[in-house]
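Quick look at start.pdb (PDB, C-alpha atoms):
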```pdb
ATOM      1  CA  MET Y 531       9.812   0.437 -39.465
ATOM      2  CA  GLU Y 532      10.852   4.093 -39.527
ATOM      3  CA  TYR Y 533      14.147   5.147 -37.969
ATOM      4  CA  THR Y 534      15.370   8.493 -36.688
ATOM      5  CA  SER Y 535      18.460   9.983 -35.078
ATOM      6  CA  LEU Y 536      18.549   9.806 -31.299
ATOM      7  CA  GLY Y 537      18.376  13.505 -30.556
ATOM      8  CA  ARG Y 538      21.359  15.331 -32.027
ATOM      9  CA  THR Y 539      23.494  12.180 -32.113
ATOM     10  CA  GLY Y 540      24.430  10.211 -35.208
ATOM     11  CA  MET Y 541      22.922   6.995 -33.831
ATOM     12  CA  ARG Y 542      19.728   5.728 -35.478
ATOM     13  CA  VAL Y 543      16.890   4.172 -33.506
ATOM     14  CA  SER Y 544      13.440   2.904 -34.384
ATOM     15  CA  ARG Y 545      10.657   5.423 -33.866
ATOM     16  CA  LEU Y 546       8.933   2.838 -31.683
ATOM     17  CA  CYS Y 547      10.728   1.928 -28.465
ATOM     18  CA  LEU Y 548      10.005  -1.263 -26.538
ATOM     19  CA  GLY Y 549       9.477  -0.485 -22.872
ATOM     20  CA  THR Y 550       9.946  -3.349 -20.426
ATOM     21  CA  MET Y 551       8.523  -2.089 -17.140
ATOM     22  CA  ASN Y 552       6.151  -5.058 -16.765
ATOM     23  CA  PHE Y 553       8.708  -7.784 -17.510
ATOM     24  CA  GLY Y 554       8.855 -10.035 -14.473
ATOM     25  CA  VAL Y 555       5.861  -8.288 -12.896
ATOM     26  CA  ASP Y 556       2.769  -8.733 -15.096
ATOM     27  CA  THR Y 557       4.703 -10.427 -17.907
ATOM     28  CA  ASP Y 558       6.477 -13.718 -17.232
ATOM     29  CA  GLU Y 559       9.922 -14.506 -18.611
ATOM     30  CA  LYS Y 560       8.710 -16.711 -21.471
ATOM     31  CA  THR Y 561       6.267 -14.063 -22.677
ATOM     32  CA  ALA Y 562       8.894 -11.333 -22.286
ATOM     33  CA  PHE Y 563      11.267 -13.343 -24.498
ATOM     34  CA  ARG Y 564       8.558 -13.688 -27.155
ATOM     35  CA  ILE Y 565       7.762  -9.963 -27.032
ATOM     36  CA  MET Y 566      11.423  -9.019 -27.466
ATOM     37  CA  ASP Y 567      11.867 -11.479 -30.337
ATOM     38  CA  GLU Y 568       8.783 -10.130 -32.113
ATOM     39  CA  ALA Y 569       9.874  -6.535 -31.529
ATOM     40  CA  LEU Y 570      13.279  -7.233 -33.057
ATOM     41  CA  ASP Y 571      11.695  -9.082 -35.978
ATOM     42  CA  SER Y 572       9.451  -6.054 -36.559
ATOM     43  CA  GLY Y 573      12.449  -3.729 -36.817
ATOM     44  CA  ILE Y 574      12.283  -2.239 -33.306
ATOM     45  CA  ASN Y 575      15.912  -1.853 -32.230
ATOM     46  CA  PHE Y 576      15.406   0.524 -29.272
ATOM     47  CA  PHE Y 577      14.718  -1.178 -25.900
ATOM     48  CA  ASP Y 578      14.206   0.739 -22.662
ATOM     49  CA  THR Y 579      14.413  -0.528 -19.079
ATOM     50  CA  ALA Y 580      15.526   0.596 -15.596
ATOM     51  CA  ASN Y 581      17.375  -0.941 -12.680
ATOM     52  CA  ILE Y 582      14.323  -0.424 -10.439
ATOM     53  CA  TYR Y 583      11.980  -2.474 -12.666
ATOM     54  CA  GLY Y 584      10.827  -5.591 -10.874
ATOM     55  CA  TRP Y 585      10.145  -3.244  -7.955
ATOM     56  CA  GLY Y 586      10.951  -3.423  -4.267
ATOM     57  CA  GLU Y 587      12.908  -6.508  -3.273
ATOM     58  CA  ASN Y 588      12.685  -7.677  -6.900
ATOM     59  CA  ALA Y 589      14.351  -4.562  -8.283
ATOM     60  CA  GLY Y 590      16.664  -5.607 -11.114
ATOM     61  CA  LEU Y 591      14.485  -8.537 -12.175
ATOM     62  CA  THR Y 592      13.554  -6.920 -15.491
ATOM     63  CA  GLU Y 593      17.200  -6.257 -16.371
ATOM     64  CA  SER Y 594      17.997  -9.886 -15.513
ATOM     65  CA  ILE Y 595      15.284 -11.137 -17.871
ATOM     66  CA  ILE Y 596      16.667  -8.995 -20.690
ATOM     67  CA  GLY Y 597      20.163 -10.276 -19.905
ATOM     68  CA  LYS Y 598      18.980 -13.888 -20.187
ATOM     69  CA  TRP Y 599      17.362 -13.036 -23.521
ATOM     70  CA  PHE Y 600      20.628 -11.544 -24.784
ATOM     71  CA  ALA Y 601      22.486 -14.662 -23.607
ATOM     72  CA  GLN Y 602      20.499 -16.801 -26.053
ATOM     73  CA  GLY Y 603      22.732 -15.443 -28.794
ATOM     74  CA  GLY Y 604      21.615 -14.833 -32.353
ATOM     75  CA  GLN Y 605      23.239 -11.368 -32.232
ATOM     76  CA  ARG Y 606      20.365 -10.182 -30.045
ATOM     77  CA  ARG Y 607      22.574  -7.825 -28.048
ATOM     78  CA  GLU Y 608      24.369  -6.536 -31.129
ATOM     79  CA  LYS Y 609      21.056  -5.618 -32.766
ATOM     80  CA  VAL Y 610      19.648  -3.664 -29.805
ATOM     81  CA  VAL Y 611      20.173  -0.052 -28.777
ATOM     82  CA  LEU Y 612      19.825  -0.532 -25.036
ATOM     83  CA  ALA Y 613      18.681   2.090 -22.537
ATOM     84  CA  THR Y 614      18.446   1.755 -18.767
ATOM     85  CA  LYS Y 615      18.151   4.132 -15.826
ATOM     86  CA  VAL Y 616      19.619   4.973 -12.432
ATOM     87  CA  TYR Y 617      18.336   6.980  -9.438
ATOM     88  CA  GLU Y 618      15.957   4.871  -7.342
ATOM     89  CA  PRO Y 619      17.022   2.656  -4.412
ATOM     90  CA  ILE Y 620      17.110  -1.007  -5.458
ATOM     91  CA  SER Y 621      16.907  -2.679  -2.027
ATOM     92  CA  ASP Y 622      20.583  -3.705  -2.052
ATOM     93  CA  PRO Y 623      21.713  -4.209   1.576
ATOM     94  CA  ASN Y 624      25.308  -3.574   0.472
ATOM     95  CA  ASP Y 625      24.347   0.031  -0.291
ATOM     96  CA  GLY Y 626      23.687   0.621   3.406
ATOM     97  CA  PRO Y 627      22.762   4.267   4.049
ATOM     98  CA  ASN Y 628      23.217   4.947   0.328
ATOM     99  CA  ASP Y 629      20.157   2.838  -0.528
ATOM    100  CA  VAL Y 630      18.244   6.036  -1.199
ATOM    101  CA  ARG Y 631      17.243   8.005  -4.254
ATOM    102  CA  GLY Y 632      19.998  10.004  -5.842
ATOM    103  CA  LEU Y 633      22.731  10.471  -8.415
ATOM    104  CA  SER Y 634      25.956  10.516  -6.428
ATOM    105  CA  LEU Y 635      29.152   9.432  -8.164
ATOM    106  CA  TYR Y 636      29.334   6.529  -5.697
ATOM    107  CA  LYS Y 637      25.831   5.338  -6.554
ATOM    108  CA  ILE Y 638      26.130   5.770 -10.329
ATOM    109  CA  ARG Y 639      29.343   3.712 -10.403
ATOM    110  CA  ARG Y 640      27.933   0.910  -8.245
ATOM    111  CA  HIS Y 641      24.532   0.768  -9.903
ATOM    112  CA  LEU Y 642      25.935   0.822 -13.416
ATOM    113  CA  GLU Y 643      28.106  -2.183 -12.581
ATOM    114  CA  GLY Y 644      25.023  -3.950 -11.229
ATOM    115  CA  SER Y 645      23.023  -3.193 -14.378
ATOM    116  CA  LEU Y 646      25.828  -4.458 -16.631
ATOM    117  CA  LYS Y 647      25.988  -7.752 -14.736
ATOM    118  CA  ARG Y 648      22.228  -8.294 -14.811
ATOM    119  CA  LEU Y 649      21.989  -7.335 -18.492
ATOM    120  CA  GLN Y 650      24.987  -9.568 -19.324
ATOM    121  CA  THR Y 651      26.652  -6.872 -21.385
ATOM    122  CA  ASP Y 652      29.742  -4.685 -21.149
ATOM    123  CA  HIS Y 653      28.141  -1.413 -22.208
ATOM    124  CA  ILE Y 654      24.901   0.596 -22.315
ATOM    125  CA  GLU Y 655      24.037   2.769 -25.303
ATOM    126  CA  LEU Y 656      21.828   5.194 -23.343
ATOM    127  CA  TYR Y 657      22.186   5.622 -19.569
ATOM    128  CA  GLN Y 658      19.420   7.772 -18.131
ATOM    129  CA  MET Y 659      18.804   9.665 -14.903
ATOM    130  CA  HIS Y 660      15.383   8.407 -13.820
ATOM    131  CA  HIS Y 661      14.583  11.642 -11.965
ATOM    132  CA  ILE Y 662      16.263  14.902 -11.030
ATOM    133  CA  ASP Y 663      18.460  14.840  -7.910
ATOM    134  CA  ARG Y 664      18.240  18.217  -6.178
ATOM    135  CA  ARG Y 665      20.889  17.350  -3.582
ATOM    136  CA  THR Y 666      23.815  16.156  -5.687
ATOM    137  CA  PRO Y 667      25.656  18.991  -7.500
ATOM    138  CA  TRP Y 668      25.906  18.770 -11.270
ATOM    139  CA  ASP Y 669      29.705  18.765 -11.114
ATOM    140  CA  GLU Y 670      29.563  15.461  -9.247
ATOM    141  CA  ALA Y 671      26.889  13.901 -11.460
ATOM    142  CA  TRP Y 672      28.667  14.886 -14.674
ATOM    143  CA  GLU Y 673      32.007  13.665 -13.286
ATOM    144  CA  ALA Y 674      30.366  10.276 -12.724
ATOM    145  CA  PHE Y 675      28.745  10.070 -16.150
ATOM    146  CA  GLU Y 676      31.796  11.402 -17.995
ATOM    147  CA  SER Y 677      34.030   8.752 -16.455
ATOM    148  CA  GLN Y 678      31.650   6.004 -17.595
ATOM    149  CA  VAL Y 679      31.527   7.403 -21.118
ATOM    150  CA  ARG Y 680      35.322   7.670 -21.250
ATOM    151  CA  SER Y 681      35.643   4.077 -20.031
ATOM    152  CA  GLY Y 682      33.424   2.821 -22.864
ATOM    153  CA  LYS Y 683      30.752   1.446 -20.533
ATOM    154  CA  VAL Y 684      28.225   4.086 -21.644
ATOM    155  CA  ASP Y 685      27.744   5.811 -24.994
ATOM    156  CA  TYR Y 686      25.184   8.543 -24.282
ATOM    157  CA  ILE Y 687      23.456  10.137 -21.290
ATOM    158  CA  GLY Y 688      19.750  10.890 -21.014
ATOM    159  CA  SER Y 689      17.269  12.172 -18.466
ATOM    160  CA  SER Y 690      13.732  11.299 -17.448
ATOM    161  CA  ASN Y 691      10.972  13.295 -15.759
ATOM    162  CA  PHE Y 692      13.005  16.531 -15.873
ATOM    163  CA  ALA Y 693      11.371  19.939 -15.936
ATOM    164  CA  GLY Y 694      12.403  22.327 -18.681
ATOM    165  CA  TRP Y 695      14.648  24.357 -16.385
ATOM    166  CA  HIS Y 696      16.324  21.179 -15.137
ATOM    167  CA  LEU Y 697      17.277  20.348 -18.732
ATOM    168  CA  VAL Y 698      18.716  23.818 -19.264
ATOM    169  CA  LYS Y 699      20.663  23.753 -16.003
ATOM    170  CA  ALA Y 700      22.051  20.272 -16.720
ATOM    171  CA  GLN Y 701      23.215  21.251 -20.187
ATOM    172  CA  ALA Y 702      24.779  24.488 -18.986
ATOM    173  CA  ALA Y 703      26.832  22.533 -16.425
ATOM    174  CA  ALA Y 704      27.875  19.977 -19.055
ATOM    175  CA  GLU Y 705      28.875  22.721 -21.489
ATOM    176  CA  LYS Y 706      31.220  24.236 -18.905
ATOM    177  CA  ARG Y 707      32.976  20.882 -18.779
ATOM    178  CA  ASN Y 708      33.130  20.600 -22.590
ATOM    179  CA  PHE Y 709      30.980  17.492 -22.270
ATOM    180  CA  MET Y 710      28.154  16.498 -24.616
ATOM    181  CA  GLY Y 711      25.705  16.196 -21.723
ATOM    182  CA  LEU Y 712      22.154  15.035 -22.321
ATOM    183  CA  VAL Y 713      20.972  13.669 -25.651
ATOM    184  CA  THR Y 714      17.417  12.654 -24.649
ATOM    185  CA  GLU Y 715      14.614  13.396 -22.208
ATOM    186  CA  GLN Y 716      12.051  10.693 -21.393
ATOM    187  CA  HIS Y 717       8.757  12.270 -20.370
ATOM    188  CA  LYS Y 718       5.143  11.329 -19.682
ATOM    189  CA  TYR Y 719       3.272  12.465 -22.781
ATOM    190  CA  SER Y 720      -0.005  11.488 -24.448
ATOM    191  CA  LEU Y 721      -3.232  13.014 -25.736
ATOM    192  CA  LEU Y 722      -4.430  13.014 -22.110
ATOM    193  CA  GLU Y 723      -1.170  14.255 -20.546
ATOM    194  CA  ARG Y 724       0.193  17.249 -22.412
ATOM    195  CA  THR Y 725       1.856  19.348 -19.708
ATOM    196  CA  ALA Y 726       5.205  18.526 -21.347
ATOM    197  CA  GLU Y 727       4.217  20.957 -24.096
ATOM    198  CA  MET Y 728       4.498  23.879 -21.666
ATOM    199  CA  GLU Y 729       8.222  23.666 -20.871
ATOM    200  CA  ALA Y 730       9.887  20.271 -21.293
ATOM    201  CA  LEU Y 731       9.282  19.851 -25.026
ATOM    202  CA  PRO Y 732      10.232  23.437 -25.965
ATOM    203  CA  ALA Y 733      13.407  23.133 -23.864
ATOM    204  CA  ALA Y 734      14.268  19.795 -25.469
ATOM    205  CA  ARG Y 735      13.736  21.226 -28.942
ATOM    206  CA  ASP Y 736      15.932  24.235 -28.192
ATOM    207  CA  LEU Y 737      18.703  22.036 -26.752
ATOM    208  CA  GLY Y 738      18.531  19.452 -29.535
ATOM    209  CA  LEU Y 739      17.386  16.614 -27.279
ATOM    210  CA  GLY Y 740      15.413  13.619 -28.482
ATOM    211  CA  VAL Y 741      12.171  12.974 -26.616
ATOM    212  CA  VAL Y 742      10.967   9.530 -25.547
ATOM    213  CA  ALA Y 743       7.307   9.572 -24.561
ATOM    214  CA  TRP Y 744       6.367   7.217 -21.752
ATOM    215  CA  SER Y 745       2.774   6.070 -21.234
ATOM    216  CA  PRO Y 746       1.776   7.341 -24.721
ATOM    217  CA  LEU Y 747      -1.493   5.365 -24.462
ATOM    218  CA  ALA Y 748      -2.253   6.714 -20.962
ATOM    219  CA  GLY Y 749      -2.068   3.321 -19.295
ATOM    220  CA  GLY Y 750      -4.065   1.704 -22.081
ATOM    221  CA  LEU Y 751      -6.954   4.179 -21.878
ATOM    222  CA  LEU Y 752      -6.218   5.479 -25.382
ATOM    223  CA  GLY Y 753      -5.763   1.967 -26.738
ATOM    224  CA  GLY Y 754      -9.461   1.092 -26.642
ATOM    225  CA  ARG Y 755      -9.182  -1.304 -23.714
ATOM    226  CA  ALA Y 756     -11.202   0.971 -21.456
ATOM    227  CA  LEU Y 757     -14.223   0.239 -23.668
ATOM    228  CA  LYS Y 758     -13.934  -3.516 -23.081
ATOM    229  CA  GLY Y 759     -15.679  -5.151 -20.180
ATOM    230  CA  ALA Y 760     -12.737  -7.197 -18.892
ATOM    231  CA  ALA Y 761      -9.606  -5.087 -18.687
ATOM    232  CA  GLY Y 762      -6.325  -6.920 -18.216
ATOM    233  CA  THR Y 763      -3.782  -6.216 -15.534
ATOM    234  CA  ARG Y 764      -1.756  -4.003 -17.853
ATOM    235  CA  THR Y 765      -4.731  -1.676 -18.234
ATOM    236  CA  SER Y 766      -5.823  -1.696 -14.610
ATOM    237  CA  GLN Y 767      -2.315  -1.312 -13.209
ATOM    238  CA  ARG Y 768       0.725  -0.042 -15.082
ATOM    239  CA  ALA Y 769      -0.812  -0.860 -18.425
ATOM    240  CA  ASP Y 770       0.791   0.179 -21.645
ATOM    241  CA  SER Y 771       3.027   2.703 -19.913
ATOM    242  CA  ASN Y 772       5.744   0.180 -20.709
ATOM    243  CA  ARG Y 773       5.438   1.106 -24.368
ATOM    244  CA  LYS Y 774       7.337   4.201 -25.301
ATOM    245  CA  ALA Y 775       7.429   6.171 -28.520
ATOM    246  CA  PRO Y 776      10.523   8.272 -29.316
ATOM    247  CA  CYS Y 777      10.549  11.333 -31.531
ATOM    248  CA  THR Y 778      13.122  13.967 -32.334
ATOM    249  CA  ALA Y 779      12.707  17.212 -30.454
TER
END
```

Using structure tokens, write down the structure from this file.
Amino acid sequence: MEYTSLGRTGMRVSRLCLGTMNFGVDTDEKTAFRIMDEALDSGINFFDTANIYGWGENAGLTESIIGKWFAQGGQRREKVVLATKVYEPISDPNDGPNDVRGLSLYKIRRHLEGSLKRLQTDHIELYQMHHIDRRTPWDEAWEAFESQVRSGKVDYIGSSNFAGWHLVKAQAAAEKRNFMGLVTEQHKYSLLERTAEMEALPAARDLGLGVVAWSPLAGGLLGGRALKGAAGTRTSQRADSNRKAPCTA
């Protein structure tokens, strides 16, 4: 397995990242455990998930499966660079009117605590904004993320599905606060989806951000499955978009 620095940080991650979007949806718990064991045995130390995975009323299910896998011991948690995300509503009735998309300080604090409990860990290596929030000011978002970094619950902050100018604006706001800001951008990128090359990738390169490509096989279409008569659920639905491939920007 090849390893690379996560963006401009000193932390090393495998060039292949295990995405977990289908865990608990199209992949049962037993199979998910086997996949994670085999990934670790193959040298993949970078696992990516999100608090919304499981979807709808089952949001958080994927994180819970990963947490149960960690709880088996064998230094599983210690060997993994763990990434999860925040932004989407997760059907928590306790959120009340705040069960909406966004990146408020209130939501980030509450949803991080929920992720930590489900993942059965006390920290996250990479905490990512799943999408841009155009309503919450950057001062508030960075205040929330900074406090979690200072508390030791989060090591690094990343983004996902950001446009190039969003990356620049986010970093400019972080710089004013003397905060490290973003270290990665997770973006849809494959031989069939190359719009990231127009703005997002050049911006990431200029800012020193690592790039994590999601759906690098275009939902399995580039994996040869489209040529087979009986496509599985991963191809016909969310497919191999749960496999992500990081590279340095």

(request) For segment 561-569 of chain Y, work out the shell of residues within 12 Å, counting all atoms listed in the file and skipping chain neighbours fewer than 2 positions away, then give it as a VMD selection string. (result) chain Y and resid 531 544 546 to 559 571 to 578 591 to 607 609 to 610 773

(request) Check which residues satisfy the PyMOL selection byres ((chain Y and resi 715) around 9) in the file shown, then give them as a list in words. (result)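 That selection, the PyMOL selection byres ((chain Y and resi 715) around 9), comes back as Gln658, Gly688, Ser689, Ser690, Asn691, Phe692, Leu697, Leu712, Val713, Thr714, Gln716, His717, Ala730, Leu731, Ala734, Leu739, Gly740, Val741, Val742 and Ala743 of chain Y.
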
(request) Show which residues sit within 9 Å of Glu729 of chain Y, as an MDAnalysis selection string. Count all atoms listed in the file, and ignore same-chain residues fewer than 4 positions away. (result) chainID Y and resid 693:695 725 733:734

Long-range neighbours of Arg640 of chain Y as a CSV table (one decimal) with C-alpha atoms, in the coordinates of the input, 12 Å cut-off, only C-alpha atoms, 2 positions minimum in chain:
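Produced file result.csv, reproduced below:
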```
chain,number,residue,atom,x,y,z
Y,581,ASN,CA,17.4,-0.9,-12.7
Y,616,VAL,CA,19.6,5.0,-12.4
Y,617,TYR,CA,18.3,7.0,-9.4
Y,619,PRO,CA,17.0,2.7,-4.4
Y,620,ILE,CA,17.1,-1.0,-5.5
Y,622,ASP,CA,20.6,-3.7,-2.1
Y,624,ASN,CA,25.3,-3.6,0.5
Y,625,ASP,CA,24.3,0.0,-0.3
Y,628,ASN,CA,23.2,4.9,0.3
Y,629,ASP,CA,20.2,2.8,-0.5
Y,633,LEU,CA,22.7,10.5,-8.4
Y,634,SER,CA,26.0,10.5,-6.4
Y,635,LEU,CA,29.2,9.4,-8.2
Y,636,TYR,CA,29.3,6.5,-5.7
Y,637,LYS,CA,25.8,5.3,-6.6
Y,638,ILE,CA,26.1,5.8,-10.3
Y,642,LEU,CA,25.9,0.8,-13.4
Y,643,GLU,CA,28.1,-2.2,-12.6
Y,644,GLY,CA,25.0,-4.0,-11.2
Y,645,SER,CA,23.0,-3.2,-14.4
Y,646,LEU,CA,25.8,-4.5,-16.6
Y,647,LYS,CA,26.0,-7.8,-14.7
Y,674,ALA,CA,30.4,10.3,-12.7
Y,678,GLN,CA,31.6,6.0,-17.6
```

(request) Report the distance between atom CA of Asp669 of chain Y and atom CA of Asp652 of chain Y in Å, rounded to one decimal place. (result)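 Value for the atom CA of Asp669 of chain Y-atom CA of Asp652 of chain Y distance: 25.5 Å.
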
(request) Given the file shown, determine the residues that the PyMOL selection byres ((chain Y and resi 656) around 8) selects; report them as number ranges by chain. (result) Y: 611-614, 654-655, 657-658, 684-688
